[in-house]
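Report on one structure; see the data block that follows.
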Amino acid sequence: MIHPAQWRSVITGVGGYLPQCILTNYDLAKIVDTSHEWIVERTGIHQRHFAEENELTSHLCAKAAQCALKNAGKDINEIDLIIVATASPDLTFPSTAALTQKLLKNSTALAFDVAGVCAGFLLALQVADNFLRLRQAKAALVIGGETFSRLLDMEDRRTNVLFGDGAGAIVLEGMDPEKAGDRGVLGVHLQTEGQFSDILYTDGGPSLTGKAGKIRMSGQEVYKHAVVKLTESAVKMLAEHNITIDDIDWFIPHQANVRIIESVAQRLKLPLEKVIVTVDKHANTSAASIPLALWAATQDGRVKPGDLILHEGIGGGLIWGSALVRY
Ligand code: ACO
């Protein structure tokens with residue numbers, strides 16, 4: 001089949017939402033055998049937001065989406081695609097995207113979830129970009145939302161200090177390339193290696209235990225894979241687009257750990273002034289971390305229209321990859 005002329009997908013609005021409740025490392029040290037100093041030295045994390053008991057992933061997603069719609073000047077009824085990236089869905093089914101759509105009072109869009117854990121936002125971006133470029137949708141809400149606080153084993157200090165809750169969203173619109181100019185999603189690539197599924201996982205699930213399970217991780221293994229794979233992915237992305245690291249205005253990676261982020265930046269010879277870091281305030285919010293970091297950097301005026309952004313992420317699977325976006 002011959003596809004109609006391809007369009008370009010362009011980010012026209014960014015939004016985010018963080019639950020009110022903030023837990024500092026000092027708060028955590030009262031309930032877990034840890035210290036502020038240990039957490040900061042190993043991860044760069046100072047605090048995280050935790051959802052209230054009745055605050056679900058779909059609630060966070062809907063609030064982030066409303067914020068993105070407002071910033072895009074777009075009405076919810078103009079949206080015909082809603083993709084939620086999450087590993088902490090409200091229910092096994094229906095999708096968190098369907099529940100978010102209901103909260104947003106939209107009844108015409110196609111809504112579904114994708115499961116790429118901490119690389120989930122990039123996966124949702126890739127899927128939405130394909131819909132929009134092929135003109136199978138006109139305007140998408142691409143959302144990463146998580147309540148990882150519910151997947152934490154409060155007895156396991158190797159994991160429970162690392163994560164937080166939140167949601168970030170973008171409005172992504174299909175445009176005639178002439179109108180888009182040089183703006184838009186220029187490339188996304190992702191890869192999975194399931195043989196590493198046992199180094200980062202939850203020890204439950206509907207089929208295995210009937211419960212969601214808790215996060216289990218071989219921290220040092222994940223660390224090594226993250227640094228190597230994210231560096232390789234970035235090098236490949238730059239080569240594919242015939243650009244160098246100096247062409248990148250901003251590096252906005254998944255926010256797992258400041259040591260991983262700085263290590264990748266160092267290997268890429270990317271100055272730290274070009275790196276957006278929010279892990280200190282948000283901790284690791286999995287699929288929400290990239291759009292939340294983008295939201296923070298657009299809100300404070302660092303990222304401006306026309307800037308070239310390199311995104312990267314890695315998550316349980318392992319699944320990892322990068323995206324090149326002219327904002
Ligand atoms: N507080 C205090 N001490 C702790 C804590 C804690 N929260 N956690 C572990 N320790 C102790 C351990 O018990 C161990 O003590 P021991 O030597 O007496 O046995 C010591 O600290 C060192 O433990 P390690 O696990 O070797 O610590 P490491 O230096 O590897 O740091 C960390 C752990 C931060 C998890 C690191 O491995 C890492 O950053 N891994 C990357 C994983 C990651 O970021 N995952 C997020 C999800 S995946 C993603 O988003 C990419």
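Chain identifiers are assigned as A, B, and so on, following the order in which chains appear in the structure tokens; residues are numbered from 1 within each chain, and ligands are numbered from 1 in order of appearance.
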- Could you find all residues in segment 82-324 of chain A that DSSP calls helix (DSSP H, G or I) from the backbone, and write them as a PyMOL selection string? chain A and resi 96-103+117-133+148-151+157-160+177-180+194-199+219-240+245-247+258-268+272-274+279-282+286-299
>> Taking 5 positions as the minimum chain separation for residues in the same chain, which residues sit within 9 Å of Thr86 of chain A when counting only C-alpha atoms? Answer as a list in words.
In response: Thr57, Thr96, Asp113, Val114, Ala115, Gly116, Val117, Cys118, Gly120, Phe121, Ile143, Gly144, Gly145, Glu146, Thr147, Ser286, Ala287 and Ala288 of chain A
Convert the current residue selection to file output with all heavy atoms, as an mmCIF file, in the first residue's frame.
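Saved the output as part.cif:
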data_model
loop_
_atom_site.group_PDB
_atom_site.id
_atom_site.type_symbol
_atom_site.label_atom_id
_atom_site.label_comp_id
_atom_site.auth_asym_id
_atom_site.auth_seq_id
_atom_site.Cartn_x
_atom_site.Cartn_y
_atom_site.Cartn_z
ATOM 1 N N THR A 57 -2.463 6.537 39.162
ATOM 2 C CA THR A 57 -1.652 6.938 38.007
ATOM 3 C C THR A 57 -2.485 7.734 37.001
ATOM 4 O O THR A 57 -2.019 8.751 36.472
ATOM 5 C CB THR A 57 -1.029 5.686 37.345
ATOM 6 O OG1 THR A 57 -0.181 5.041 38.305
ATOM 7 C CG2 THR A 57 -0.210 6.053 36.132
ATOM 8 N N THR A 96 -4.665 2.406 31.439
ATOM 9 C CA THR A 96 -4.617 3.695 32.153
ATOM 10 C C THR A 96 -4.929 4.830 31.179
ATOM 11 O O THR A 96 -5.482 5.855 31.560
ATOM 12 C CB THR A 96 -3.242 3.869 32.821
ATOM 13 O OG1 THR A 96 -3.071 2.774 33.733
ATOM 14 C CG2 THR A 96 -3.133 5.168 33.599
ATOM 15 N N ASP A 113 -2.185 1.983 26.288
ATOM 16 C CA ASP A 113 -0.936 2.065 27.057
ATOM 17 C C ASP A 113 0.203 1.398 26.289
ATOM 18 O O ASP A 113 -0.032 0.497 25.472
ATOM 19 C CB ASP A 113 -1.055 1.291 28.384
ATOM 20 C CG ASP A 113 -1.980 1.957 29.388
ATOM 21 O OD1 ASP A 113 -2.495 3.052 29.093
ATOM 22 O OD2 ASP A 113 -2.183 1.358 30.464
ATOM 23 N N VAL A 114 1.419 1.800 26.623
ATOM 24 C CA VAL A 114 2.594 1.043 26.193
ATOM 25 C C VAL A 114 3.426 0.730 27.436
ATOM 26 O O VAL A 114 3.429 1.496 28.401
ATOM 27 C CB VAL A 114 3.460 1.788 25.144
ATOM 28 C CG1 VAL A 114 2.695 1.982 23.849
ATOM 29 C CG2 VAL A 114 3.977 3.122 25.671
ATOM 30 N N ALA A 115 4.119 -0.406 27.386
ATOM 31 C CA ALA A 115 4.890 -0.861 28.545
ATOM 32 C C ALA A 115 6.374 -0.882 28.201
ATOM 33 O O ALA A 115 6.875 -1.847 27.639
ATOM 34 C CB ALA A 115 4.424 -2.253 28.966
ATOM 35 N N GLY A 116 7.054 0.192 28.507
ATOM 36 C CA GLY A 116 8.504 0.251 28.270
ATOM 37 C C GLY A 116 9.222 0.682 29.543
ATOM 38 O O GLY A 116 10.372 1.121 29.488
ATOM 39 N N VAL A 117 8.516 0.603 30.662
ATOM 40 C CA VAL A 117 9.042 0.990 31.980
ATOM 41 C C VAL A 117 9.775 2.341 31.862
ATOM 42 O O VAL A 117 9.182 3.295 31.368
ATOM 43 C CB VAL A 117 9.910 -0.131 32.595
ATOM 44 C CG1 VAL A 117 9.937 0.000 34.129
ATOM 45 C CG2 VAL A 117 9.385 -1.504 32.240
ATOM 46 N N CYS A 118 11.038 2.411 32.257
ATOM 47 C CA CYS A 118 11.719 3.717 32.282
ATOM 48 C C CYS A 118 12.034 4.243 30.880
ATOM 49 O O CYS A 118 12.368 5.424 30.721
ATOM 50 C CB CYS A 118 12.987 3.636 33.122
ATOM 51 S SG CYS A 118 12.663 3.152 34.818
ATOM 52 N N GLY A 120 9.659 3.931 28.661
ATOM 53 C CA GLY A 120 8.278 3.939 28.160
ATOM 54 C C GLY A 120 7.893 5.213 27.429
ATOM 55 O O GLY A 120 7.165 5.171 26.430
ATOM 56 N N PHE A 121 8.367 6.356 27.934
ATOM 57 C CA PHE A 121 7.980 7.600 27.263
ATOM 58 C C PHE A 121 8.535 7.635 25.842
ATOM 59 O O PHE A 121 7.859 8.081 24.914
ATOM 60 C CB PHE A 121 8.435 8.833 28.056
ATOM 61 C CG PHE A 121 8.016 10.107 27.397
ATOM 62 C CD1 PHE A 121 6.701 10.551 27.475
ATOM 63 C CD2 PHE A 121 8.913 10.854 26.648
ATOM 64 C CE1 PHE A 121 6.288 11.707 26.827
ATOM 65 C CE2 PHE A 121 8.518 12.010 26.003
ATOM 66 C CZ PHE A 121 7.203 12.439 26.090
ATOM 67 N N ILE A 143 1.870 10.633 27.144
ATOM 68 C CA ILE A 143 1.962 10.827 28.599
ATOM 69 C C ILE A 143 2.815 9.719 29.214
ATOM 70 O O ILE A 143 2.702 8.549 28.838
ATOM 71 C CB ILE A 143 0.541 10.765 29.242
ATOM 72 C CG1 ILE A 143 -0.429 11.698 28.507
ATOM 73 C CG2 ILE A 143 0.608 11.116 30.728
ATOM 74 C CD1 ILE A 143 -1.899 11.497 28.880
ATOM 75 N N GLY A 144 3.669 10.096 30.160
ATOM 76 C CA GLY A 144 4.355 9.111 30.994
ATOM 77 C C GLY A 144 3.880 9.349 32.413
ATOM 78 O O GLY A 144 4.004 10.477 32.925
ATOM 79 N N GLY A 145 3.303 8.332 33.044
ATOM 80 C CA GLY A 145 2.769 8.526 34.401
ATOM 81 C C GLY A 145 3.031 7.311 35.265
ATOM 82 O O GLY A 145 2.897 6.176 34.792
ATOM 83 N N GLU A 146 3.429 7.539 36.502
ATOM 84 C CA GLU A 146 3.769 6.411 37.379
ATOM 85 C C GLU A 146 3.420 6.699 38.842
ATOM 86 O O GLU A 146 3.550 7.845 39.296
ATOM 87 C CB GLU A 146 5.276 6.115 37.342
ATOM 88 C CG GLU A 146 5.881 5.844 35.981
ATOM 89 C CD GLU A 146 5.659 4.420 35.447
ATOM 90 O OE1 GLU A 146 4.810 3.681 35.988
ATOM 91 O OE2 GLU A 146 6.353 4.060 34.477
ATOM 92 N N THR A 147 3.048 5.639 39.536
ATOM 93 C CA THR A 147 2.991 5.661 41.009
ATOM 94 C C THR A 147 3.860 4.489 41.486
ATOM 95 O O THR A 147 3.352 3.495 42.004
ATOM 96 C CB THR A 147 1.540 5.541 41.529
ATOM 97 O OG1 THR A 147 0.889 4.456 40.851
ATOM 98 C CG2 THR A 147 0.751 6.817 41.307
ATOM 99 N N SER A 286 10.416 6.821 36.560
ATOM 100 C CA SER A 286 10.243 5.865 35.465
ATOM 101 C C SER A 286 9.751 6.573 34.190
ATOM 102 O O SER A 286 10.386 7.525 33.747
ATOM 103 C CB SER A 286 9.318 4.737 35.925
ATOM 104 O OG SER A 286 9.210 3.740 34.947
ATOM 105 N N ALA A 287 8.634 6.135 33.620
ATOM 106 C CA ALA A 287 8.187 6.693 32.328
ATOM 107 C C ALA A 287 7.886 8.183 32.383
ATOM 108 O O ALA A 287 7.830 8.851 31.344
ATOM 109 C CB ALA A 287 6.956 5.941 31.848
ATOM 110 N N ALA A 288 7.693 8.722 33.582
ATOM 111 C CA ALA A 288 7.354 10.151 33.693
ATOM 112 C C ALA A 288 8.579 11.040 33.676
ATOM 113 O O ALA A 288 8.467 12.258 33.500
ATOM 114 C CB ALA A 288 6.568 10.384 34.986
#
*Which residues sit within 8 Å of ligand 1, counting only C-alpha atoms and all ligand atoms, listed as number ranges by chain?*
A: 32-35, 38-39, 42-43, 118, 156-163, 200, 217-224, 226, 254-257, 259-260, 284, 286, 313-316
Filtering to C-alpha atoms, could you give me those residues as a compact mmCIF listing (two decimals), in the first residue's frame?
# COMPACT_ATOMS: atom_id res chain seq x y z
CA VAL A 32 14.37 2.86 56.24
CA ASP A 33 17.92 1.98 57.36
CA THR A 34 19.58 4.63 55.17
CA SER A 35 20.98 8.17 55.28
CA TRP A 38 24.42 7.68 51.25
CA ILE A 39 21.52 8.44 48.91
CA ARG A 42 25.21 7.17 45.21
CA THR A 43 22.27 8.69 43.31
CA CYS A 118 11.72 3.72 32.28
CA ASP A 156 14.58 -3.24 50.65
CA ARG A 157 16.76 -0.12 50.98
CA ARG A 158 18.63 -0.99 47.76
CA THR A 159 15.53 0.00 45.78
CA ASN A 160 13.09 1.95 47.97
CA VAL A 161 15.22 5.11 48.11
CA LEU A 162 15.40 5.46 44.33
CA PHE A 163 11.86 6.08 43.09
CA LEU A 200 15.31 -5.34 36.92
CA MET A 217 17.06 -5.00 40.95
CA SER A 218 20.72 -5.92 40.58
CA GLY A 219 21.84 -2.31 40.90
CA GLN A 220 25.39 -2.64 39.67
CA GLU A 221 24.37 -4.73 36.64
CA VAL A 222 21.75 -2.16 35.67
CA TYR A 223 24.27 0.63 36.15
CA LYS A 224 26.81 -0.97 33.81
CA ALA A 226 22.79 1.79 31.36
CA HIS A 254 15.67 9.44 31.83
CA GLN A 255 16.33 10.50 35.40
CA ALA A 256 17.44 7.35 37.22
CA ASN A 257 20.62 8.40 38.88
CA ARG A 259 25.96 9.19 38.28
CA ILE A 260 24.55 7.35 35.23
CA ASN A 284 13.33 8.16 39.44
CA SER A 286 10.24 5.87 35.46
CA GLY A 313 16.19 6.13 28.50
CA ILE A 314 16.65 2.58 29.73
CA GLY A 315 14.30 0.40 31.73
CA GLY A 316 13.40 -3.11 32.80
Rows by chain and residue number, segment 207-282 of chain A within 12 Å of segment 178-189 of chain A, shortest pair, only C-alpha atoms, as CSV:
residue,atom,partner,partner_atom,distance
A:Leu230,CA,A:His189,CA,11.4
A:Glu232,CA,A:His189,CA,11.7
A:Ser233,CA,A:His189,CA,8.1
A:Ala234,CA,A:His189,CA,9.8
A:Val235,CA,A:His189,CA,11.9
A:Lys236,CA,A:His189,CA,9.3
A:Met237,CA,A:Gly187,CA,7.7
A:Leu238,CA,A:Gly187,CA,10.0
A:Ala239,CA,A:Gly187,CA,11.7
A:Glu240,CA,A:Gly187,CA,8.9
A:His241,CA,A:Gly187,CA,8.4
Please produce an output containing all heavy atoms for each residue in the selection, written as a short mmCIF file (atom, residue, chain, number, x, y, z; two decimals), in the first residue's frame.
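result.cif written:
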data_model
loop_
_atom_site.label_atom_id
_atom_site.label_comp_id
_atom_site.auth_asym_id
_atom_site.auth_seq_id
_atom_site.Cartn_x
_atom_site.Cartn_y
_atom_site.Cartn_z
N LEU A 230 23.32 3.35 26.74
CA LEU A 230 22.86 4.72 26.44
C LEU A 230 23.90 5.48 25.63
O LEU A 230 23.56 6.25 24.73
CB LEU A 230 22.50 5.46 27.73
CG LEU A 230 21.27 4.89 28.45
CD1 LEU A 230 21.00 5.64 29.75
CD2 LEU A 230 20.02 4.93 27.57
N GLU A 232 26.10 4.10 23.54
CA GLU A 232 26.06 3.53 22.17
C GLU A 232 24.86 4.06 21.39
O GLU A 232 24.96 4.40 20.21
CB GLU A 232 25.96 2.00 22.25
CG GLU A 232 27.29 1.34 22.54
CD GLU A 232 27.15 -0.16 22.78
OE1 GLU A 232 26.03 -0.71 22.68
OE2 GLU A 232 28.19 -0.76 23.10
N SER A 233 23.72 4.12 22.07
CA SER A 233 22.50 4.58 21.40
C SER A 233 22.64 6.02 20.92
O SER A 233 22.22 6.37 19.80
CB SER A 233 21.32 4.44 22.38
OG SER A 233 20.16 4.93 21.79
N ALA A 234 23.24 6.86 21.77
CA ALA A 234 23.42 8.27 21.39
C ALA A 234 24.38 8.40 20.21
O ALA A 234 24.12 9.16 19.27
CB ALA A 234 23.96 9.06 22.58
N VAL A 235 25.47 7.64 20.25
CA VAL A 235 26.47 7.72 19.17
C VAL A 235 25.80 7.33 17.85
O VAL A 235 25.99 7.99 16.81
CB VAL A 235 27.68 6.81 19.50
CG1 VAL A 235 28.58 6.62 18.30
CG2 VAL A 235 28.46 7.39 20.69
N LYS A 236 24.98 6.27 17.89
CA LYS A 236 24.27 5.80 16.69
C LYS A 236 23.31 6.88 16.18
O LYS A 236 23.25 7.16 14.97
CB LYS A 236 23.50 4.53 17.07
CG LYS A 236 22.91 3.79 15.90
CD LYS A 236 22.35 2.46 16.38
CE LYS A 236 21.19 2.03 15.53
NZ LYS A 236 20.34 1.03 16.15
N MET A 237 22.59 7.50 17.10
CA MET A 237 21.61 8.53 16.71
C MET A 237 22.31 9.72 16.04
O MET A 237 21.87 10.23 15.00
CB MET A 237 20.83 8.98 17.95
CG MET A 237 19.78 10.03 17.69
SD MET A 237 18.46 9.45 16.61
CE MET A 237 17.37 8.64 17.74
N LEU A 238 23.43 10.14 16.63
CA LEU A 238 24.17 11.29 16.06
C LEU A 238 24.69 10.94 14.67
O LEU A 238 24.57 11.73 13.73
CB LEU A 238 25.35 11.67 16.97
CG LEU A 238 25.00 12.18 18.37
CD1 LEU A 238 26.28 12.38 19.19
CD2 LEU A 238 24.20 13.47 18.33
N ALA A 239 25.22 9.71 14.52
CA ALA A 239 25.78 9.30 13.23
C ALA A 239 24.67 9.22 12.18
O ALA A 239 24.84 9.69 11.05
CB ALA A 239 26.46 7.94 13.38
N GLU A 240 23.51 8.68 12.57
CA GLU A 240 22.39 8.55 11.62
C GLU A 240 21.96 9.91 11.07
O GLU A 240 21.49 10.01 9.95
CB GLU A 240 21.20 7.92 12.33
CG GLU A 240 21.10 6.42 12.12
CD GLU A 240 19.99 5.82 12.95
OE1 GLU A 240 19.01 6.52 13.30
OE2 GLU A 240 20.11 4.63 13.25
N HIS A 241 22.08 10.93 11.91
CA HIS A 241 21.64 12.27 11.49
C HIS A 241 22.80 13.15 11.03
O HIS A 241 22.61 14.36 10.81
CB HIS A 241 20.83 12.94 12.61
CG HIS A 241 19.50 12.29 12.77
ND1 HIS A 241 19.33 11.14 13.52
CD2 HIS A 241 18.30 12.57 12.23
CE1 HIS A 241 18.08 10.77 13.45
NE2 HIS A 241 17.42 11.61 12.67
#
With distances taken over only C-alpha atoms, the candidate from A:Asp307, A:Asp249, A:Arg133, A:Leu172 nearest Lys74 of chain A is A:Leu172
As a check of understanding: the span from atom CA of Ile252 of chain A to atom CA of Leu272 of chain A is 11.1 Å
Nearest to Ile309 of chain A: which of A:Leu60, A:Leu292, A:Ile245, A:Val127 is it, counting only C-alpha atoms?
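Among the listed residues, the smallest separation from Ile309 of chain A belongs to A:Ile245.
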Using only C-alpha atoms, the best pick from A:Leu99, A:Val40, A:Ile248, A:Ile319 as closest to Gly306 of chain A would be A:Ile248
Within 6 Å of Arg8 of chain A, counting only C-alpha atoms, which residues qualify if same-chain residues fewer than 5 places away don't, as a ChimeraX atom specification? /A:133,174-175,177
Those residues with N, CA, C and O atoms, as a short mmCIF file (atom, residue, chain, number, x, y, z; two decimals), in the first residue's frame please?
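In the end it all went to part14.cif:
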data_model
loop_
_atom_site.label_atom_id
_atom_site.label_comp_id
_atom_site.auth_asym_id
_atom_site.auth_seq_id
_atom_site.Cartn_x
_atom_site.Cartn_y
_atom_site.Cartn_z
N ARG A 133 2.99 10.83 11.58
CA ARG A 133 3.69 10.96 10.29
C ARG A 133 2.88 10.32 9.17
O ARG A 133 2.84 10.81 8.06
N GLY A 174 0.65 16.51 14.28
CA GLY A 174 1.09 16.23 12.92
C GLY A 174 1.04 17.51 12.10
O GLY A 174 0.06 18.24 12.16
N MET A 175 2.11 17.76 11.37
CA MET A 175 2.16 19.00 10.56
C MET A 175 2.75 18.72 9.20
O MET A 175 3.61 17.85 9.07
N PRO A 177 5.38 19.16 6.60
CA PRO A 177 6.78 19.49 6.84
C PRO A 177 7.13 20.94 6.52
O PRO A 177 7.99 21.53 7.16
#
Review point. A:His46, A:Arg326, A:Lys211, A:His59: which is nearest Ala98 of chain A, counting only C-alpha atoms?
Key: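 Nearest candidate to Ala98 of chain A out of A:His46, A:Arg326, A:Lys211, A:His59: A:His59.
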* Between A:Leu81, A:Ile45, A:Ala51, A:Ala167, which is the closest to Gln136 of chain A once you count only C-alpha atoms? ->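 Closest to Gln136 of chain A, using only C-alpha atoms: A:Leu81.
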Selection: 12 Å around Arg135 of chain A, only C-alpha atoms, excl. self and same-chain fewer than 6 positions, as a PyMOL selection string:
chain A and resi 3-9+80-81+128-129+173-176
Store the residues picked out above in a file with all heavy atoms, as a short mmCIF file (atom, residue, chain, number, x, y, z; two decimals), in the first residue's frame.
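This is the output file part_30.cif:
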data_model
loop_
_atom_site.label_atom_id
_atom_site.label_comp_id
_atom_site.auth_asym_id
_atom_site.auth_seq_id
_atom_site.Cartn_x
_atom_site.Cartn_y
_atom_site.Cartn_z
N HIS A 3 1.55 4.88 1.16
CA HIS A 3 1.08 5.78 2.21
C HIS A 3 0.91 7.18 1.65
O HIS A 3 1.66 7.59 0.77
CB HIS A 3 2.09 5.82 3.36
CG HIS A 3 2.14 4.53 4.11
ND1 HIS A 3 1.07 4.04 4.80
CD2 HIS A 3 3.14 3.63 4.27
CE1 HIS A 3 1.41 2.89 5.36
NE2 HIS A 3 2.65 2.61 5.04
N PRO A 4 -0.06 7.95 2.19
CA PRO A 4 -0.15 9.35 1.80
C PRO A 4 1.12 10.08 2.24
O PRO A 4 1.86 9.56 3.07
CB PRO A 4 -1.37 9.86 2.57
CG PRO A 4 -1.57 8.89 3.68
CD PRO A 4 -1.02 7.58 3.22
N ALA A 5 1.34 11.25 1.69
CA ALA A 5 2.58 11.99 2.01
C ALA A 5 2.77 12.08 3.52
O ALA A 5 1.82 12.34 4.26
CB ALA A 5 2.47 13.39 1.43
N GLN A 6 4.00 11.82 3.96
CA GLN A 6 4.26 11.82 5.39
C GLN A 6 4.29 13.23 5.96
O GLN A 6 4.78 14.15 5.34
CB GLN A 6 5.59 11.15 5.66
CG GLN A 6 5.51 9.66 5.47
CD GLN A 6 6.67 8.94 6.15
OE1 GLN A 6 7.58 9.58 6.64
NE2 GLN A 6 6.60 7.65 6.17
N TRP A 7 3.78 13.35 7.20
CA TRP A 7 3.85 14.60 7.92
C TRP A 7 4.96 14.52 8.94
O TRP A 7 5.62 13.50 9.08
CB TRP A 7 2.48 14.90 8.57
CG TRP A 7 1.52 15.51 7.59
CD1 TRP A 7 1.50 15.27 6.24
CD2 TRP A 7 0.47 16.41 7.85
NE1 TRP A 7 0.50 15.98 5.65
CE2 TRP A 7 -0.17 16.70 6.62
CE3 TRP A 7 -0.03 17.03 9.00
CZ2 TRP A 7 -1.24 17.56 6.52
CZ3 TRP A 7 -1.10 17.88 8.89
CH2 TRP A 7 -1.70 18.15 7.67
N ARG A 8 5.16 15.61 9.65
CA ARG A 8 6.15 15.68 10.73
C ARG A 8 5.39 15.85 12.04
O ARG A 8 4.37 16.55 12.10
CB ARG A 8 7.07 16.89 10.49
CG ARG A 8 8.15 17.11 11.51
CD ARG A 8 9.43 16.38 11.14
NE ARG A 8 9.95 16.76 9.84
CZ ARG A 8 10.57 17.92 9.58
NH1 ARG A 8 10.78 18.80 10.54
NH2 ARG A 8 11.01 18.18 8.38
N SER A 9 5.86 15.22 13.11
CA SER A 9 5.21 15.43 14.40
C SER A 9 6.01 16.43 15.22
O SER A 9 7.23 16.32 15.34
CB SER A 9 5.04 14.11 15.15
OG SER A 9 6.27 13.58 15.54
N ASP A 80 -6.89 13.21 19.04
CA ASP A 80 -7.45 11.95 18.53
C ASP A 80 -6.58 10.74 18.85
O ASP A 80 -6.84 9.63 18.36
CB ASP A 80 -7.78 12.04 17.03
CG ASP A 80 -6.61 12.49 16.17
OD1 ASP A 80 -5.51 12.69 16.74
OD2 ASP A 80 -6.78 12.65 14.96
N LEU A 81 -5.56 10.94 19.69
CA LEU A 81 -4.72 9.82 20.10
C LEU A 81 -4.18 10.10 21.50
O LEU A 81 -3.63 11.19 21.74
CB LEU A 81 -3.55 9.66 19.11
CG LEU A 81 -2.54 8.56 19.38
CD1 LEU A 81 -3.18 7.18 19.24
CD2 LEU A 81 -1.34 8.67 18.42
N ALA A 128 3.51 7.29 18.75
CA ALA A 128 2.70 8.47 18.38
C ALA A 128 3.27 9.12 17.11
O ALA A 128 2.52 9.52 16.21
CB ALA A 128 2.69 9.47 19.53
N ASP A 129 4.59 9.21 17.05
CA ASP A 129 5.24 9.82 15.88
C ASP A 129 4.87 9.05 14.61
O ASP A 129 4.58 9.66 13.57
CB ASP A 129 6.76 9.81 16.12
CG ASP A 129 7.53 10.39 14.95
OD1 ASP A 129 7.16 11.49 14.48
OD2 ASP A 129 8.50 9.75 14.48
N GLU A 173 1.74 17.23 17.59
CA GLU A 173 0.80 17.46 16.48
C GLU A 173 1.43 17.12 15.14
O GLU A 173 2.60 17.44 14.89
CB GLU A 173 0.38 18.93 16.47
CG GLU A 173 -0.46 19.32 17.67
CD GLU A 173 -1.02 20.73 17.53
OE1 GLU A 173 -1.62 21.04 16.48
OE2 GLU A 173 -0.85 21.51 18.47
N GLY A 174 0.65 16.51 14.28
CA GLY A 174 1.09 16.23 12.92
C GLY A 174 1.04 17.51 12.10
O GLY A 174 0.06 18.24 12.16
N MET A 175 2.11 17.76 11.37
CA MET A 175 2.16 19.00 10.56
C MET A 175 2.75 18.72 9.20
O MET A 175 3.61 17.85 9.07
CB MET A 175 3.08 20.03 11.22
CG MET A 175 2.43 20.81 12.31
SD MET A 175 3.57 22.08 12.90
CE MET A 175 2.84 22.35 14.51
N ASP A 176 2.31 19.50 8.25
CA ASP A 176 2.94 19.51 6.94
C ASP A 176 4.42 19.91 7.16
O ASP A 176 4.69 20.89 7.86
CB ASP A 176 2.22 20.59 6.11
CG ASP A 176 2.69 20.59 4.68
OD1 ASP A 176 3.91 20.45 4.46
OD2 ASP A 176 1.84 20.73 3.80
#
Notebook entry, point to check: Just asking: which residues within segment 19-194 of chain A are strand (DSSP E) according to DSSP, as a PyMOL selection string?
Noted result: chain A and resi 21-24+47-50+81-85+110-114+139-147+165-175+184-192
Rank nothing, just name the residue among A:Arg216, A:Ala97, A:Ala64, A:Phe251 nearest to Ile199 of chain A, using only C-alpha atoms.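 Nearest candidate to Ile199 of chain A out of A:Arg216, A:Ala97, A:Ala64, A:Phe251: A:Arg216.
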Residues at most 10 Å from Ile31 of chain A, counting only C-alpha atoms, excluding those fewer than 3 positions away in the same chain, as a compact mmCIF listing (two decimals) with all heavy atoms, in the first residue's frame?
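Printed below is selection37.txt as written:
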# COMPACT_ATOMS: atom_id res chain seq x y z
N TYR A 26 15.77 12.62 54.55
CA TYR A 26 15.72 12.59 56.02
C TYR A 26 14.42 11.93 56.49
O TYR A 26 14.43 11.16 57.45
CB TYR A 26 15.83 14.02 56.57
CG TYR A 26 17.18 14.65 56.26
CD1 TYR A 26 17.31 15.61 55.27
CD2 TYR A 26 18.32 14.26 56.96
CE1 TYR A 26 18.54 16.17 54.97
CE2 TYR A 26 19.57 14.81 56.66
CZ TYR A 26 19.67 15.76 55.67
OH TYR A 26 20.90 16.29 55.37
N ASP A 27 13.30 12.23 55.79
CA ASP A 27 12.02 11.58 56.14
C ASP A 27 12.15 10.07 55.95
O ASP A 27 11.70 9.29 56.78
CB ASP A 27 10.88 12.08 55.24
CG ASP A 27 10.61 13.57 55.41
OD1 ASP A 27 10.80 14.06 56.53
OD2 ASP A 27 10.22 14.22 54.42
N LEU A 28 12.77 9.70 54.83
CA LEU A 28 12.90 8.27 54.49
C LEU A 28 13.79 7.55 55.52
O LEU A 28 13.52 6.40 55.89
CB LEU A 28 13.52 8.16 53.09
CG LEU A 28 13.21 6.92 52.26
CD1 LEU A 28 11.72 6.70 52.14
CD2 LEU A 28 13.83 7.05 50.88
N THR A 34 18.79 3.93 56.19
CA THR A 34 19.58 4.63 55.17
C THR A 34 19.95 6.00 55.69
O THR A 34 19.61 6.36 56.83
CB THR A 34 18.79 4.72 53.85
OG1 THR A 34 19.65 5.20 52.82
CG2 THR A 34 17.58 5.64 53.95
N MET A 154 9.34 -1.63 51.20
CA MET A 154 9.91 -0.72 52.19
C MET A 154 10.93 -1.41 53.10
O MET A 154 11.57 -0.76 53.92
CB MET A 154 8.80 -0.01 52.99
CG MET A 154 8.00 0.98 52.15
SD MET A 154 8.96 1.99 50.94
CE MET A 154 9.47 3.39 51.92
N GLU A 155 11.12 -2.72 52.90
CA GLU A 155 12.18 -3.44 53.63
C GLU A 155 13.48 -3.47 52.80
O GLU A 155 14.51 -3.91 53.31
CB GLU A 155 11.76 -4.90 53.87
CG GLU A 155 10.46 -5.07 54.63
CD GLU A 155 10.63 -4.71 56.09
OE1 GLU A 155 11.58 -5.19 56.70
OE2 GLU A 155 9.81 -3.91 56.59
Give me the residues within 6 Å of Gly13 of chain A as a PyMOL selection string, counting only C-alpha atoms and dropping any in the same chain fewer than 5 places off. chain A and resi 68+71-72+170-171
Taken to one decimal, the atom CA of Leu324 of chain A-atom CA of Leu310 of chain A distance is 4.9 Å
